[in-house]
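Structure data (PDB, C-alpha atoms, pLDDT in the B column) from data.pdb:
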```
ATOM      1  CA  MET A  29       6.910 -21.010   1.319  1.00 36.00           C
ATOM      2  CA  ARG A  30      10.608 -21.425   0.531  1.00 38.00           C
ATOM      3  CA  ILE A  31      11.279 -19.908  -2.869  1.00 40.00           C
ATOM      4  CA  LEU A  32      14.912 -20.826  -3.300  1.00 39.00           C
ATOM      5  CA  GLY A  33      14.492 -24.579  -3.225  1.00 39.00           C
ATOM      6  CA  GLU A  34      11.487 -24.839  -5.524  1.00 42.00           C
ATOM      7  CA  THR A  35      12.170 -25.557  -9.179  1.00 41.00           C
ATOM      8  CA  GLN A  36       8.838 -24.164 -10.400  1.00 41.00           C
ATOM      9  CA  ASN A  37       9.824 -20.772  -8.966  1.00 50.00           C
ATOM     10  CA  SER A  38      13.467 -20.761 -10.096  1.00 57.00           C
ATOM     11  CA  THR A  39      12.627 -18.674 -13.187  1.00 63.00           C
ATOM     12  CA  LEU A  40      10.585 -16.294 -11.061  1.00 65.00           C
ATOM     13  CA  LEU A  41      13.490 -15.913  -8.638  1.00 65.00           C
ATOM     14  CA  GLU A  42      15.922 -15.306 -11.513  1.00 70.00           C
ATOM     15  CA  ASN A  43      13.641 -12.605 -12.969  1.00 72.00           C
ATOM     16  CA  VAL A  44      13.333 -10.871  -9.605  1.00 74.00           C
ATOM     17  CA  LYS A  45      17.086 -11.229  -9.010  1.00 73.00           C
ATOM     18  CA  ALA A  46      17.838  -9.593 -12.385  1.00 75.00           C
ATOM     19  CA  GLU A  47      15.635  -6.610 -11.519  1.00 78.00           C
ATOM     20  CA  ILE A  48      16.699  -6.143  -7.905  1.00 79.00           C
ATOM     21  CA  LYS A  49      20.346  -7.221  -8.198  1.00 73.00           C
ATOM     22  CA  ALA A  50      20.517  -8.789  -4.752  1.00 77.00           C
ATOM     23  CA  ALA A  51      21.558 -12.184  -3.426  1.00 80.00           C
ATOM     24  CA  PRO A  52      18.977 -14.948  -3.998  1.00 78.00           C
ATOM     25  CA  THR A  53      18.774 -15.655  -0.254  1.00 84.00           C
ATOM     26  CA  LEU A  54      17.885 -12.003   0.450  1.00 86.00           C
ATOM     27  CA  ILE A  55      15.269 -12.018  -2.295  1.00 82.00           C
ATOM     28  CA  SER A  56      13.769 -15.266  -0.985  1.00 82.00           C
ATOM     29  CA  LYS A  57      13.644 -13.908   2.547  1.00 88.00           C
ATOM     30  CA  ALA A  58      12.042 -10.633   1.379  1.00 87.00           C
ATOM     31  CA  LEU A  59       9.415 -12.482  -0.679  1.00 86.00           C
ATOM     32  CA  GLU A  60       8.633 -14.760   2.272  1.00 88.00           C
ATOM     33  CA  GLU A  61       8.202 -11.762   4.583  1.00 91.00           C
ATOM     34  CA  LEU A  62       5.956  -9.966   2.086  1.00 91.00           C
ATOM     35  CA  GLN A  63       3.870 -13.113   1.754  1.00 91.00           C
ATOM     36  CA  GLN A  64       3.645 -13.581   5.540  1.00 93.00           C
ATOM     37  CA  GLU A  65       2.532  -9.955   5.899  1.00 93.00           C
ATOM     38  CA  GLY A  66      -0.239 -10.654   3.392  1.00 94.00           C
ATOM     39  CA  LEU A  67       1.103  -8.193   0.815  1.00 92.00           C
ATOM     40  CA  ILE A  68       1.845 -10.635  -2.034  1.00 90.00           C
ATOM     41  CA  GLU A  69       0.718 -14.005  -3.361  1.00 89.00           C
ATOM     42  CA  LEU A  70       3.211 -16.346  -4.979  1.00 83.00           C
ATOM     43  CA  LYS A  71       1.847 -18.672  -7.641  1.00 79.00           C
ATOM     44  CA  GLU A  72       3.851 -20.940  -9.894  1.00 72.00           C
ATOM     45  CA  LYS A  73       5.726 -18.335 -11.954  1.00 72.00           C
ATOM     46  CA  SER A  74       4.109 -15.113 -10.837  1.00 79.00           C
ATOM     47  CA  ILE A  75       3.923 -12.687  -7.965  1.00 84.00           C
ATOM     48  CA  SER A  76       0.799 -10.640  -7.437  1.00 85.00           C
ATOM     49  CA  LEU A  77      -0.199  -8.027  -4.906  1.00 88.00           C
ATOM     50  CA  THR A  78      -3.016  -8.846  -2.542  1.00 91.00           C
ATOM     51  CA  PRO A  79      -5.663  -6.147  -1.918  1.00 93.00           C
ATOM     52  CA  LEU A  80      -3.670  -5.157   1.188  1.00 94.00           C
ATOM     53  CA  GLY A  81      -0.493  -5.079  -0.931  1.00 90.00           C
ATOM     54  CA  GLN A  82      -2.200  -2.864  -3.509  1.00 90.00           C
ATOM     55  CA  GLU A  83      -3.348  -0.415  -0.821  1.00 91.00           C
ATOM     56  CA  THR A  84       0.115  -0.377   0.762  1.00 89.00           C
ATOM     57  CA  ALA A  85       1.784   0.228  -2.610  1.00 88.00           C
ATOM     58  CA  LYS A  86      -0.694   3.008  -3.420  1.00 89.00           C
ATOM     59  CA  ASN A  87       0.023   4.751  -0.096  1.00 87.00           C
ATOM     60  CA  LEU A  88       3.774   4.397  -0.548  1.00 87.00           C
ATOM     61  CA  LEU A  89       3.615   5.838  -4.070  1.00 88.00           C
ATOM     62  CA  GLU A  90       1.496   8.755  -2.842  1.00 86.00           C
ATOM     63  CA  SER A  91       4.017   9.427  -0.068  1.00 85.00           C
ATOM     64  CA  HIS A  92       6.892   9.336  -2.540  1.00 88.00           C
ATOM     65  CA  LEU A  93       5.202  11.716  -4.982  1.00 87.00           C
ATOM     66  CA  VAL A  94       4.223  14.225  -2.275  1.00 84.00           C
ATOM     67  CA  LEU A  95       7.747  14.166  -0.856  1.00 84.00           C
ATOM     68  CA  GLU A  96       9.387  14.404  -4.275  1.00 86.00           C
ATOM     69  CA  ASP A  97       7.214  17.406  -5.110  1.00 83.00           C
ATOM     70  CA  TYR A  98       8.074  19.013  -1.773  1.00 79.00           C
ATOM     71  CA  PHE A  99      11.828  18.512  -2.121  1.00 80.00           C
ATOM     72  CA  GLY A 100      11.694  19.415  -5.825  1.00 80.00           C
ATOM     73  CA  LYS A 101      10.861  23.020  -4.981  1.00 74.00           C
ATOM     74  CA  THR A 102      14.450  23.676  -3.858  1.00 73.00           C
ATOM     75  CA  GLU A 103      16.454  20.621  -4.950  1.00 78.00           C
ATOM     76  CA  SER A 104      17.439  19.182  -8.313  1.00 83.00           C
ATOM     77  CA  LYS A 105      15.177  16.467  -9.698  1.00 87.00           C
ATOM     78  CA  ILE A 106      17.631  13.700  -8.766  1.00 88.00           C
ATOM     79  CA  ASP A 107      18.201  15.122  -5.262  1.00 85.00           C
ATOM     80  CA  ALA A 108      14.437  15.474  -4.732  1.00 83.00           C
ATOM     81  CA  HIS A 109      13.931  11.857  -5.823  1.00 87.00           C
ATOM     82  CA  THR A 110      16.709  10.658  -3.493  1.00 86.00           C
ATOM     83  CA  ALA A 111      15.314  12.619  -0.531  1.00 83.00           C
ATOM     84  CA  ALA A 112      11.809  11.270  -1.208  1.00 85.00           C
ATOM     85  CA  HIS A 113      13.182   7.740  -1.447  1.00 85.00           C
ATOM     86  CA  LEU A 114      14.942   8.138   1.917  1.00 81.00           C
ATOM     87  CA  THR A 115      11.854   9.484   3.706  1.00 81.00           C
ATOM     88  CA  GLU A 116       8.862   7.725   2.111  1.00 84.00           C
ATOM     89  CA  HIS A 117       8.877   4.805   4.555  1.00 80.00           C
ATOM     90  CA  TYR A 118       9.082   6.981   7.670  1.00 78.00           C
ATOM     91  CA  VAL A 119       6.289   9.513   7.277  1.00 78.00           C
ATOM     92  CA  SER A 120       2.894   9.126   8.864  1.00 78.00           C
ATOM     93  CA  ARG A 121      -0.366  10.230   7.258  1.00 80.00           C
ATOM     94  CA  GLU A 122      -0.388  13.288   9.573  1.00 77.00           C
ATOM     95  CA  VAL A 123       3.127  14.290   8.528  1.00 75.00           C
ATOM     96  CA  LEU A 124       2.226  13.798   4.865  1.00 77.00           C
ATOM     97  CA  ASN A 125      -0.761  16.106   5.282  1.00 75.00           C
ATOM     98  CA  ASN A 126       1.490  18.648   7.010  1.00 71.00           C
ATOM     99  CA  ILE A 127       3.958  18.456   4.112  1.00 73.00           C
ATOM    100  CA  LYS A 128       1.152  19.092   1.634  1.00 72.00           C
ATOM    101  CA  LYS A 129       0.263  22.225   3.606  1.00 68.00           C
ATOM    102  CA  LEU A 130       3.922  23.221   3.950  1.00 65.00           C
ATOM    103  CA  SER A 131       4.614  23.096   0.242  1.00 63.00           C
ATOM    104  CA  THR A 132       3.679  26.763   0.013  1.00 60.00           C
ATOM    105  CA  LEU A 133       5.692  27.637   3.144  1.00 60.00           C
ATOM    106  CA  LYS A 134       8.885  25.708   2.390  1.00 56.00           C
ATOM    107  CA  THR A 135      11.187  28.707   2.542  1.00 63.00           C
ATOM    108  CA  ALA A 136       9.365  30.053   5.615  1.00 75.00           C
ATOM    109  CA  GLY A 137      10.496  29.263   9.085  1.00 84.00           C
ATOM    110  CA  THR A 138      13.300  30.008  11.467  1.00 88.00           C
ATOM    111  CA  PRO A 139      16.478  27.962  11.921  1.00 90.00           C
ATOM    112  CA  LEU A 140      16.146  25.869  15.084  1.00 89.00           C
ATOM    113  CA  ASN A 141      19.169  27.531  16.690  1.00 86.00           C
ATOM    114  CA  GLU A 142      17.168  30.831  16.572  1.00 87.00           C
ATOM    115  CA  PHE A 143      13.683  29.402  17.175  1.00 85.00           C
ATOM    116  CA  GLY A 144      13.227  30.092  20.869  1.00 81.00           C
ATOM    117  CA  PHE A 145      12.589  27.673  23.681  1.00 83.00           C
ATOM    118  CA  ASN A 146       9.347  26.189  25.009  1.00 84.00           C
ATOM    119  CA  LYS A 147       7.704  26.923  21.664  1.00 83.00           C
ATOM    120  CA  GLU A 148       6.003  24.403  19.437  1.00 87.00           C
ATOM    121  CA  GLY A 149       6.360  24.352  15.704  1.00 88.00           C
ATOM    122  CA  VAL A 150       6.501  22.223  12.620  1.00 87.00           C
ATOM    123  CA  ILE A 151       9.645  21.511  10.611  1.00 88.00           C
ATOM    124  CA  THR A 152       9.426  23.267   7.241  1.00 85.00           C
ATOM    125  CA  GLU A 153      12.813  22.508   5.734  1.00 83.00           C
ATOM    126  CA  ILE A 154      15.983  20.496   6.225  1.00 84.00           C
ATOM    127  CA  MET A 155      18.941  21.944   4.347  1.00 82.00           C
ATOM    128  CA  PHE A 156      21.564  19.176   4.544  1.00 82.00           C
ATOM    129  CA  SER A 157      23.652  18.654   1.438  1.00 77.00           C
ATOM    130  CA  ASP A 158      25.057  15.418   2.902  1.00 78.00           C
ATOM    131  CA  TYR A 159      22.473  12.683   2.293  1.00 74.00           C
ATOM    132  CA  ARG A 160      23.982  10.461   4.979  1.00 80.00           C
ATOM    133  CA  LEU A 161      23.252  13.169   7.536  1.00 83.00           C
ATOM    134  CA  PHE A 162      19.801  13.722   6.016  1.00 81.00           C
ATOM    135  CA  GLU A 163      19.042   9.986   6.153  1.00 79.00           C
ATOM    136  CA  ARG A 164      20.221   9.798   9.763  1.00 83.00           C
ATOM    137  CA  ALA A 165      17.987  12.733  10.768  1.00 84.00           C
ATOM    138  CA  VAL A 166      14.996  11.172   9.005  1.00 81.00           C
ATOM    139  CA  SER A 167      15.589   7.780  10.610  1.00 80.00           C
ATOM    140  CA  MET A 168      15.488   9.496  14.025  1.00 84.00           C
ATOM    141  CA  GLY A 169      12.154  11.152  13.192  1.00 83.00           C
ATOM    142  CA  ILE A 170      13.425  14.600  12.210  1.00 86.00           C
ATOM    143  CA  PHE A 171      11.817  15.514   8.871  1.00 81.00           C
ATOM    144  CA  PRO A 172       9.619  18.174   7.260  1.00 83.00           C
ATOM    145  CA  GLY A 173       6.055  18.219   8.516  1.00 82.00           C
ATOM    146  CA  GLU A 174       6.913  16.785  11.919  1.00 85.00           C
ATOM    147  CA  LYS A 175       5.785  18.695  15.018  1.00 87.00           C
ATOM    148  CA  ILE A 176       8.561  19.768  17.369  1.00 90.00           C
ATOM    149  CA  MET A 177       9.180  21.585  20.621  1.00 89.00           C
ATOM    150  CA  LEU A 178      12.489  23.194  21.568  1.00 89.00           C
ATOM    151  CA  LEU A 179      13.120  22.488  25.227  1.00 89.00           C
ATOM    152  CA  SER A 180      16.438  24.041  26.172  1.00 86.00           C
ATOM    153  CA  GLU A 181      19.927  25.034  25.185  1.00 85.00           C
ATOM    154  CA  VAL A 182      23.049  23.118  26.134  1.00 85.00           C
ATOM    155  CA  SER A 183      26.664  24.016  25.504  1.00 83.00           C
ATOM    156  CA  ASP A 184      26.959  24.351  21.725  1.00 85.00           C
ATOM    157  CA  GLY A 185      23.576  22.725  21.072  1.00 87.00           C
ATOM    158  CA  ILE A 186      19.852  22.507  21.679  1.00 90.00           C
ATOM    159  CA  ILE A 187      17.458  19.913  23.084  1.00 90.00           C
ATOM    160  CA  LEU A 188      14.366  19.320  21.017  1.00 90.00           C
ATOM    161  CA  GLN A 189      11.390  17.007  21.419  1.00 91.00           C
ATOM    162  CA  ILE A 190       9.548  15.189  18.651  1.00 89.00           C
ATOM    163  CA  ASN A 191       6.634  13.103  19.870  1.00 86.00           C
ATOM    164  CA  ASN A 192       7.997  11.423  22.997  1.00 88.00           C
ATOM    165  CA  LYS A 193      11.648  11.460  21.880  1.00 89.00           C
ATOM    166  CA  LYS A 194      14.228  14.025  22.932  1.00 91.00           C
ATOM    167  CA  PHE A 195      17.266  14.868  20.819  1.00 88.00           C
ATOM    168  CA  ALA A 196      20.377  16.939  21.374  1.00 89.00           C
ATOM    169  CA  LEU A 197      21.458  18.696  18.192  1.00 89.00           C
ATOM    170  CA  ASP A 198      24.680  20.570  17.634  1.00 90.00           C
ATOM    171  CA  LYS A 199      24.032  24.222  16.701  1.00 89.00           C
ATOM    172  CA  SER A 200      25.738  23.683  13.329  1.00 89.00           C
ATOM    173  CA  ILE A 201      23.065  21.084  12.537  1.00 90.00           C
ATOM    174  CA  ALA A 202      20.197  22.999  14.192  1.00 90.00           C
ATOM    175  CA  LYS A 203      20.810  26.023  11.973  1.00 90.00           C
ATOM    176  CA  LYS A 204      20.161  23.851   8.889  1.00 90.00           C
ATOM    177  CA  ILE A 205      16.682  22.844  10.076  1.00 90.00           C
ATOM    178  CA  LYS A 206      13.868  25.401   9.804  1.00 90.00           C
ATOM    179  CA  ALA A 207      10.603  25.352  11.714  1.00 90.00           C
ATOM    180  CA  LEU A 208       7.495  27.489  11.738  1.00 86.00           C
ATOM    181  CA  GLU A 209       6.004  28.327  15.124  1.00 84.00           C
ATOM    182  CA  TYR A 210       2.348  27.665  15.751  1.00 73.00           C
ATOM    183  CA  GLU A 211       0.012  28.516  18.586  1.00 57.00           C
ATOM    184  CA  ILE A 212      -1.023  25.808  21.007  1.00 49.00           C
ATOM    185  CA  SER A 213      -4.819  25.558  21.055  1.00 46.00           C
TER
END
```

Starting from the coordinates I provided, produce the structure as structure tokens.
Amino acid sequence: MRILGETQNSTLLENVKAEIKAAPTLISKALEELQQEGLIELKEKSISLTPLGQETAKNLLESHLVLEDYFGKTESKIDAHTAAHLTEHYVSREVLNNIKKLSTLKTAGTPLNEFGFNKEGVITEIMFSDYRLFERAVSMGIFPGEKIMLLSEVSDGIILQINNKKFALDKSIAKKIKALEYEIS
């Protein structure tokens, strides 16, 4: 359904545009994608969530609130909200459950540059003050609650594995990420 060209939806598009403050073509494309994914229904002058859309929104809100609570233990309210906003789309249910457990252990852990090699652990804290660096780490899969394994040391850095991905981190970055070791069962 093309939103932009339909006169019955022009008011709807204008209302959405006023709230989101984005180009009409981007809004139309986003609404089309949400509709194709079965998350929303577009009717005359309204947008409504489908049951799948409601479940997705509920899960996203839960993720945001858990993350905001987690980051709020050591960050300002605005910084905690920003960090939660940056990570809410990336975390799995398993990571979210790990974060819930970690909330009491947030200050625990060892910086990755001191962690030891061939050990498994879970990331407990990321202490970046630069949100661009934080967002980049999160987009690569490096965030609190994620299971890790340190593999080796390279000149001025470390090699770490998260799931099936391997990363080389500079020691200056590794020392700002804490992890708690756990026993392999």

Work out how far apart atom CA of A:Val166 and atom CA of A:Ala85 are and give it in Å to one decimal.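 Here the two named atoms are 20.7 Å from each other.
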
Using only C-alpha atoms, can you tell me which of A:Ile151, A:Leu161, A:Ile127, A:Leu93 comes closest to A:Gln189? A:Ile151

Would you mind listing what lies within 9 Å of A:Asn191 as a ChimeraX atom specification, with only C-alpha atoms counted and same-chain residues fewer than 3 positions away left out? /A:169,174-177,194

Please return the centre and edge lengths, in Å to one decimal, of a box with edges along x, y and z that contains all listed atoms of stretch 147-155 of chain A, widened by 4 Å on every side, as JSON.
```
{"center_x": 12.5, "center_y": 23.7, "center_z": 13.0, "size_x": 20.9, "size_y": 14.4, "size_z": 25.3}
```

How would you write, as an MDAnalysis selection string, the residues chosen by the PyMOL selection byres ((chain A and resi 168) around 10) on this structure? chainID A and resid 118 163:167 169:171 190 193 195

For the selection you just gave me, I'd like the residues written to a file as an mmCIF file, in the frame of the given file, keeping C-alpha atoms.
```cif
data_model
loop_
_atom_site.group_PDB
_atom_site.id
_atom_site.type_symbol
_atom_site.label_atom_id
_atom_site.label_comp_id
_atom_site.auth_asym_id
_atom_site.auth_seq_id
_atom_site.Cartn_x
_atom_site.Cartn_y
_atom_site.Cartn_z
ATOM 1 C CA TYR A 118 9.082 6.981 7.670
ATOM 2 C CA GLU A 163 19.042 9.986 6.153
ATOM 3 C CA ARG A 164 20.221 9.798 9.763
ATOM 4 C CA ALA A 165 17.987 12.733 10.768
ATOM 5 C CA VAL A 166 14.996 11.172 9.005
ATOM 6 C CA SER A 167 15.589 7.780 10.610
ATOM 7 C CA GLY A 169 12.154 11.152 13.192
ATOM 8 C CA ILE A 170 13.425 14.600 12.210
ATOM 9 C CA PHE A 171 11.817 15.514 8.871
ATOM 10 C CA ILE A 190 9.548 15.189 18.651
ATOM 11 C CA LYS A 193 11.648 11.460 21.880
ATOM 12 C CA PHE A 195 17.266 14.868 20.819
#
```

Within 12 Å of A:Gln63, counting all atoms listed in the file, which residues show up once you throw out same-chain ones fewer than 3 positions away? Write them as a ChimeraX atom specification, please. /A:29-31,56-60,66-71,75-78,80-81

How would you write, as a PyMOL selection string, the residues chosen by the PyMOL selection byres ((chain A and resi 110) around 10) on this structure? chain A and resi 92+95-96+99+104-109+111-115+159+163

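Taking atom CA of A:Ala207 as the reference point, atom CA of A:Thr138 is found at 5.4 Å.
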
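Closest to A:Leu179 among A:Pro79, A:Ser200, A:Phe143, A:Asp158 is A:Phe143, based on only C-alpha atoms.
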
Using only C-alpha atoms: which of A:Ala46, A:Leu88, A:Val119, A:Ile186 has the shortest distance to A:Phe145: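 Of all the options, A:Ile186 lies closest to A:Phe145.
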
Separation of atom CA of A:Lys199 and atom CA of A:Ala136, in Å?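 One can read the atom CA of A:Lys199 to atom CA of A:Ala136 distance as 19.3 Å.
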
Mind listing whatever residues come within 10 Å of the point (4.0, 25.6, 19.7)? Use all atoms listed in the file, file coordinates, and give them as a PyMOL selection string. chain A and resi 145-150+175-178+208-213

On this structure, the PyMOL selection byres ((chain A and resi 197) around 8) would catch which residues? List them as JSON, numbers by chain, sorted by chain and number. {"A": [185, 186, 187, 188, 195, 196, 198, 199, 201, 202]}
